[in-house]
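Chemist: Sharing a structure, written as structure tokens. Questions coming.
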Amino acid sequence: MPTIKQAGPRVFLAVLVAGVIGFIAGQSVTDLPVAMASVAAAQDDHPKYSPVEPRARDFYAPNSEPLGPDEMRLIACGTGMPTARPKQAASCWLLELGNGDKFIFDVGTGSAERIAAMQIPYNYLDKVFLSHLHTDHFGDLDALFVGGALAGRQKPLRVWGPSGDTPERGTEYALDHLRKALTWDLDGRKGLTDPRGYHLEVHEFDYTGINEIIYQENGVTIRSYPAIHALDGPVSFTLEWNGFKFVFGGDTYPNKWFAEFAQDADLAIHECFVTVPDMINKFKFTPQSALVVGTQIHTAPAAFGKTMSMIKPRMAVAYHFYNDFDTVTGIDERIRSTYDGPLSLATDYMVWNITRDDIRVRMAAVSEDVWPPPATEKPLFPDQSTRVPISDWVNAGKLDMHDVIQPIYDETNKAYGINEKQD
Ligand SMILES: [Zn+2]
Ligand SMILES: [Zn+2]
């Protein structure tokens, strides 16, 4: 291996020519990287890339980087439409603060698996804020609730969400009935695993509150204000911590409250809906439905841009569209007709690191083979008397498997010093 760093211009040229000739002649391509490295070495201030030195990582590997005391990290765990698809789950945003606090804003359909990909112990994922009660904004709450409890959340899942214009349209009603819908699920888990996580702690707040505090703990303040979408009830949120201002807008027609309370945010997320032509041609909406849904119930891209030009965030984040090669230019052009500031066109697994003087935007590189991280506290084996029995009639249908299962008991009892017996 030649000493690349000391190679003078003449050596560099010779190596380059030899490498290129060798490459063209088809004799050997192994000289070519040497020649390429020499190109880098010839420029004094140029970074020394592999094979001389490793290149700096430009993706986010989940749960591998500490946050600084003056830093926030936002991860897009859902950016798409009510019809979740492999590339994009529905609205879900995981915000991590330098003080260790973590918050989930919306938990739309399909987002629970994106949260799982971040490999954060579920005990730290116990705070969810819902912008409204469309399934694309809370459709995976059941998955996070039950799946999180099974995988190490040893405390209730705390959920903040708005009231409605009637009690039946509020968060308390929705989650009370979600609990009821999960009666079979929850009864069927009693007495089998750590029971502490299978509780929902619901905090319904008044959707008409104008920038009122709905959460204040550990130096973090979250306020809500109304949004204009489908029915009364939807809201947007501002989170303030350590001099930072993070804003999350749920679905809305552009509204005066967001324009006022999102002013000068460090990062502002706001919906930006599929363009009307794409609604008609790709989603197969009627032109009439495309117009009303795409511009009156939601925020059209040009209206998103106009809103961001008013609030001037350090970073504007657009979501709620299918972000594809053949649709993103239509979104971008329309936004850019009304806004020329910093912009992220969100897709799932986009990551923002926000510090005082920088906002670094990357994609996360996730593994599909994730298992839940270890629980932060020792798991409890629950009281056996809480088990709900299966009837004798159903149990009578069991095949006799005692002989093949007994070795599993023997091995586990021996390994862990316990003395469990088959049912
Ligand atoms: Zn909605
Ligand atoms: Zn939505």
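Identifiers in the structure tokens: chain A, B, ... in order shown; residue index from 1 per chain; ligand index from 1 in order shown.
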With only C-alpha atoms counted and 10 Å as the cut-off, give the residues of region 310-385 of chain A in contact with region 112-125 of chain A, each with its shortest interatomic distance in Å and the pair that gives it, as a tab-separated table.

Modeler:
residue	atom	partner	partner_atom	distance
A:Asp348	CA	A:Arg114	CA	8.0
A:Tyr349	CA	A:Arg114	CA	7.6
A:Ala364	CA	A:Met118	CA	8.9
A:Ala365	CA	A:Ala117	CA	9.4
A:Val366	CA	A:Ala117	CA	6.1
A:Ser367	CA	A:Ala117	CA	6.8
A:Glu368	CA	A:Ala117	CA	7.2
A:Asp369	CA	A:Ala117	CA	8.7
A:Val370	CA	A:Ala117	CA	6.4
A:Trp371	CA	A:Gln119	CA	7.8
A:Pro372	CA	A:Gln119	CA	6.4
A:Pro373	CA	A:Pro121	CA	5.3
A:Pro374	CA	A:Pro121	CA	6.6
A:Ala375	CA	A:Pro121	CA	6.1
A:Thr376	CA	A:Asn123	CA	6.7
A:Glu377	CA	A:Asn123	CA	8.7

Chemist: Tell me, counting only C-alpha atoms and all ligand atoms, for each residue of chain A within 7 Å of ligand 2, which pair of atoms is nearest and how far apart they are in Å to one decimal, in rows ordered by chain and increasing number, as CSV.

Modeler:
residue,atom,partner,partner_atom_place_in_ligand_line,distance
A:Met81,CA,ligand 2,1 (Zn),6.4
A:Pro82,CA,ligand 2,1 (Zn),6.4
A:Ser91,CA,ligand 2,1 (Zn),6.8
A:His134,CA,ligand 2,1 (Zn),6.5
A:Asp136,CA,ligand 2,1 (Zn),5.3
A:His137,CA,ligand 2,1 (Zn),6.0
A:Asp251,CA,ligand 2,1 (Zn),5.4
A:His320,CA,ligand 2,1 (Zn),6.6

Chemist: May I have the selected residues written with N, CA and C atoms, as a PDB file, in the first residue's frame?

Modeler:
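Output below, filename again06.pdb:
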ATOM      1  N   MET A  81     -51.139   9.199   5.150  1.00  0.00           N
ATOM      2  CA  MET A  81     -52.585   9.365   5.002  1.00  0.00           C
ATOM      3  C   MET A  81     -53.329   8.348   5.874  1.00  0.00           C
ATOM      4  N   PRO A  82     -54.664   8.502   5.984  1.00  0.00           N
ATOM      5  CA  PRO A  82     -55.430   7.521   6.770  1.00  0.00           C
ATOM      6  C   PRO A  82     -55.231   6.089   6.272  1.00  0.00           C
ATOM      7  N   SER A  91     -50.053   9.953  10.832  1.00  0.00           N
ATOM      8  CA  SER A  91     -49.391  10.948  11.698  1.00  0.00           C
ATOM      9  C   SER A  91     -48.884  10.436  13.049  1.00  0.00           C
ATOM     10  N   HIS A 134     -59.457  11.505  14.662  1.00  0.00           N
ATOM     11  CA  HIS A 134     -59.454  10.726  13.427  1.00  0.00           C
ATOM     12  C   HIS A 134     -58.461   9.566  13.589  1.00  0.00           C
ATOM     13  N   ASP A 136     -56.349   8.334  11.639  1.00  0.00           N
ATOM     14  CA  ASP A 136     -54.976   8.557  11.174  1.00  0.00           C
ATOM     15  C   ASP A 136     -54.169   9.392  12.166  1.00  0.00           C
ATOM     16  N   HIS A 137     -54.797   9.768  13.293  1.00  0.00           N
ATOM     17  CA  HIS A 137     -54.066  10.484  14.337  1.00  0.00           C
ATOM     18  C   HIS A 137     -54.088   9.757  15.688  1.00  0.00           C
ATOM     19  N   ASP A 251     -54.537  18.220  11.905  1.00  0.00           N
ATOM     20  CA  ASP A 251     -55.246  18.588  10.680  1.00  0.00           C
ATOM     21  C   ASP A 251     -56.004  19.903  10.888  1.00  0.00           C
ATOM     22  N   HIS A 320     -48.587  14.739   5.711  1.00  0.00           N
ATOM     23  CA  HIS A 320     -49.968  14.362   5.382  1.00  0.00           C
ATOM     24  C   HIS A 320     -50.176  14.259   3.869  1.00  0.00           C
TER      25      HIS A 320
END

Chemist: Could you give me, as a tab-separated table, every chain A residue with an atom at most 12 Å from ligand 1, plus its closest atom pair and distance in Å to one decimal, counting only C-alpha atoms and all ligand atoms, rows ordered by chain then number?

Modeler:
residue	atom	partner	partner_atom_place_in_ligand_line	distance
A:Gly80	CA	ligand 1	1 (Zn)	11.6
A:Met81	CA	ligand 1	1 (Zn)	9.5
A:Pro82	CA	ligand 1	1 (Zn)	8.5
A:Ala90	CA	ligand 1	1 (Zn)	10.4
A:Ser91	CA	ligand 1	1 (Zn)	9.6
A:Asp106	CA	ligand 1	1 (Zn)	10.9
A:Gly108	CA	ligand 1	1 (Zn)	10.2
A:Leu130	CA	ligand 1	1 (Zn)	10.9
A:Ser131	CA	ligand 1	1 (Zn)	8.6
A:His132	CA	ligand 1	1 (Zn)	6.7
A:Leu133	CA	ligand 1	1 (Zn)	7.2
A:His134	CA	ligand 1	1 (Zn)	4.9
A:Thr135	CA	ligand 1	1 (Zn)	7.8
A:Asp136	CA	ligand 1	1 (Zn)	6.8
A:His137	CA	ligand 1	1 (Zn)	6.9
A:Phe138	CA	ligand 1	1 (Zn)	9.9
A:Gly139	CA	ligand 1	1 (Zn)	11.3
A:Ala227	CA	ligand 1	1 (Zn)	10.3
A:Ile228	CA	ligand 1	1 (Zn)	9.8
A:His229	CA	ligand 1	1 (Zn)	6.6
A:Ala230	CA	ligand 1	1 (Zn)	7.0
A:Leu231	CA	ligand 1	1 (Zn)	9.3
A:Asp232	CA	ligand 1	1 (Zn)	11.3
A:Gly233	CA	ligand 1	1 (Zn)	10.5
A:Pro234	CA	ligand 1	1 (Zn)	8.0
A:Val235	CA	ligand 1	1 (Zn)	10.4
A:Ser236	CA	ligand 1	1 (Zn)	11.9
A:Gly249	CA	ligand 1	1 (Zn)	11.0
A:Gly250	CA	ligand 1	1 (Zn)	7.4
A:Asp251	CA	ligand 1	1 (Zn)	5.0
A:Thr252	CA	ligand 1	1 (Zn)	7.7
A:Tyr253	CA	ligand 1	1 (Zn)	10.6
A:Glu271	CA	ligand 1	1 (Zn)	9.8
A:Cys272	CA	ligand 1	1 (Zn)	11.9
A:Phe273	CA	ligand 1	1 (Zn)	10.9
A:Val293	CA	ligand 1	1 (Zn)	10.2
A:Gly294	CA	ligand 1	1 (Zn)	11.6
A:Ile297	CA	ligand 1	1 (Zn)	8.3
A:His298	CA	ligand 1	1 (Zn)	8.0
A:Thr299	CA	ligand 1	1 (Zn)	11.1
A:His320	CA	ligand 1	1 (Zn)	9.8

Chemist: Store the residues picked out above in a file with N, CA and C atoms, as a short mmCIF file (atom, residue, chain, number, x, y, z; two decimals), in the first residue's frame.

Modeler:
data_model
loop_
_atom_site.label_atom_id
_atom_site.label_comp_id
_atom_site.auth_asym_id
_atom_site.auth_seq_id
_atom_site.Cartn_x
_atom_site.Cartn_y
_atom_site.Cartn_z
N GLY A 80 -48.07 10.06 6.66
CA GLY A 80 -48.89 9.85 5.47
C GLY A 80 -50.37 10.12 5.64
N MET A 81 -51.14 9.20 5.15
CA MET A 81 -52.59 9.37 5.00
C MET A 81 -53.33 8.35 5.87
N PRO A 82 -54.66 8.50 5.98
CA PRO A 82 -55.43 7.52 6.77
C PRO A 82 -55.23 6.09 6.27
N ALA A 90 -49.57 6.67 9.34
CA ALA A 90 -50.27 7.94 9.52
C ALA A 90 -49.64 8.70 10.70
N SER A 91 -50.05 9.95 10.83
CA SER A 91 -49.39 10.95 11.70
C SER A 91 -48.88 10.44 13.05
N ASP A 106 -49.60 12.48 18.41
CA ASP A 106 -50.40 11.62 17.53
C ASP A 106 -49.79 10.21 17.47
N GLY A 108 -50.93 7.68 14.87
CA GLY A 108 -51.82 7.28 13.77
C GLY A 108 -51.61 5.84 13.34
N LEU A 130 -52.82 13.85 21.60
CA LEU A 130 -53.61 13.64 20.39
C LEU A 130 -54.15 14.98 19.88
N SER A 131 -53.93 15.24 18.59
CA SER A 131 -54.43 16.48 18.00
C SER A 131 -55.93 16.40 17.75
N HIS A 132 -56.44 15.23 17.42
CA HIS A 132 -57.87 14.99 17.25
C HIS A 132 -58.10 13.50 17.10
N LEU A 133 -59.36 13.12 16.94
CA LEU A 133 -59.72 11.71 17.07
C LEU A 133 -60.02 11.02 15.75
N HIS A 134 -59.46 11.51 14.66
CA HIS A 134 -59.45 10.73 13.43
C HIS A 134 -58.46 9.57 13.59
N THR A 135 -58.79 8.42 12.96
CA THR A 135 -57.92 7.25 13.17
C THR A 135 -56.51 7.48 12.64
N ASP A 136 -56.35 8.33 11.64
CA ASP A 136 -54.98 8.56 11.17
C ASP A 136 -54.17 9.39 12.17
N HIS A 137 -54.80 9.77 13.29
CA HIS A 137 -54.07 10.48 14.34
C HIS A 137 -54.09 9.76 15.69
N PHE A 138 -54.94 8.73 15.80
CA PHE A 138 -54.86 7.93 17.05
C PHE A 138 -55.17 6.45 16.84
N GLY A 139 -55.13 6.01 15.56
CA GLY A 139 -55.53 4.64 15.24
C GLY A 139 -54.62 3.55 15.76
N ALA A 227 -57.92 24.08 16.26
CA ALA A 227 -57.69 23.93 14.82
C ALA A 227 -59.07 23.83 14.16
N ILE A 228 -59.10 23.96 12.84
CA ILE A 228 -60.39 24.00 12.13
C ILE A 228 -60.42 22.83 11.16
N HIS A 229 -61.14 21.76 11.55
CA HIS A 229 -61.04 20.53 10.76
C HIS A 229 -62.22 19.60 11.04
N ALA A 230 -63.05 19.37 10.05
CA ALA A 230 -64.13 18.36 10.07
C ALA A 230 -65.24 18.68 11.07
N LEU A 231 -64.91 18.76 12.37
CA LEU A 231 -65.87 19.07 13.44
C LEU A 231 -65.14 19.95 14.45
N ASP A 232 -65.88 20.42 15.45
CA ASP A 232 -65.22 21.06 16.59
C ASP A 232 -64.38 20.02 17.33
N GLY A 233 -63.28 20.43 17.92
CA GLY A 233 -62.48 19.52 18.74
C GLY A 233 -61.00 19.49 18.41
N PRO A 234 -60.60 19.46 17.14
CA PRO A 234 -59.17 19.37 16.83
C PRO A 234 -58.36 20.56 17.39
N VAL A 235 -57.10 20.27 17.71
CA VAL A 235 -56.21 21.30 18.27
C VAL A 235 -54.81 21.18 17.69
N SER A 236 -54.00 22.18 17.97
CA SER A 236 -52.55 22.12 17.73
C SER A 236 -51.85 22.35 19.06
N GLY A 249 -48.87 20.94 14.55
CA GLY A 249 -50.23 21.20 14.09
C GLY A 249 -50.87 19.91 13.60
N GLY A 250 -52.05 19.61 14.13
CA GLY A 250 -52.83 18.50 13.59
C GLY A 250 -53.54 18.97 12.34
N ASP A 251 -54.54 18.22 11.91
CA ASP A 251 -55.25 18.59 10.68
C ASP A 251 -56.00 19.90 10.89
N THR A 252 -55.96 20.73 9.86
CA THR A 252 -56.64 22.02 9.98
C THR A 252 -56.69 22.77 8.65
N TYR A 253 -57.69 23.58 8.49
CA TYR A 253 -57.63 24.69 7.53
C TYR A 253 -56.69 25.71 8.18
N GLU A 271 -49.79 20.26 8.76
CA GLU A 271 -50.22 19.41 7.66
C GLU A 271 -50.15 20.13 6.32
N CYS A 272 -49.99 19.37 5.26
CA CYS A 272 -49.88 19.88 3.91
C CYS A 272 -50.45 18.77 3.03
N PHE A 273 -51.65 18.97 2.55
CA PHE A 273 -52.40 17.84 2.00
C PHE A 273 -52.03 17.53 0.56
N VAL A 293 -62.18 18.33 0.35
CA VAL A 293 -61.28 17.68 1.31
C VAL A 293 -59.88 18.30 1.22
N GLY A 294 -59.42 18.51 -0.01
CA GLY A 294 -58.03 18.93 -0.21
C GLY A 294 -57.76 20.40 0.05
N ILE A 297 -61.10 21.22 4.19
CA ILE A 297 -60.99 20.45 5.44
C ILE A 297 -59.53 20.38 5.87
N HIS A 298 -58.66 20.42 4.87
CA HIS A 298 -57.21 20.33 5.11
C HIS A 298 -56.51 21.58 4.56
N THR A 299 -55.17 21.55 4.63
CA THR A 299 -54.37 22.68 4.16
C THR A 299 -53.73 22.33 2.82
N HIS A 320 -48.59 14.74 5.71
CA HIS A 320 -49.97 14.36 5.38
C HIS A 320 -50.18 14.26 3.87
#

Chemist: For the strand (DSSP E or B) assignment from backbone DSSP, which residues of region 58-115 of chain A qualify? Please present them as a list in words.

Modeler: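 Answer for region 58-115 of chain A, restricted to strand (DSSP E or B): Tyr60, Met72, Arg73, Leu74, Ile75, Ala76, Cys77, Gly78, Cys92, Trp93, Leu94, Leu95, Glu96, Leu97, Lys102, Phe103, Ile104, Phe105, Asp106 and Val107 of chain A.
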
Chemist: Considering only C-alpha atoms, tabulate each residue of region 82-198 of chain A that lies at most 7 Å from region 65-72 of chain A along with its nearest interatomic pair and the corresponding distance in Å to one decimal; arrange the rows by chain and ascending residue number and present them as a Markdown table.

Modeler:
| residue | atom | partner | partner_atom | distance |
| --- | --- | --- | --- | --- |
| A:Glu96 | CA | A:Met72 | CA | 5.7 |
| A:Leu97 | CA | A:Met72 | CA | 4.6 |
| A:Gly98 | CA | A:Pro69 | CA | 4.5 |
| A:Asn99 | CA | A:Pro69 | CA | 6.3 |

Chemist: Under the rule that only C-alpha atoms are counted, which of A:Lys256, A:Arg179, A:Lys312, A:Trp160 is the nearest residue to Ile213 (chain A)?

Modeler: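 Selected residue with least distance to Ile213 (chain A): A:Trp160.
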
Chemist: Using CA of Ala318 (chain A) and CA of Leu343 (chain A) as the two end points, give the distance in Å to one decimal.

Modeler: 7.6 Å

Chemist: What separation in Å, quoted to one decimal, exists between CA of Asp264 (chain A) and CA of Phe205 (chain A)?

Modeler: 25.3 Å

Chemist: One decimal, in Å: what's the spacing between CA of Ile354 (chain A) and CA of Asn323 (chain A)?

Modeler: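 Going from CA of Ile354 (chain A) over to CA of Asn323 (chain A) covers 23.0 Å.
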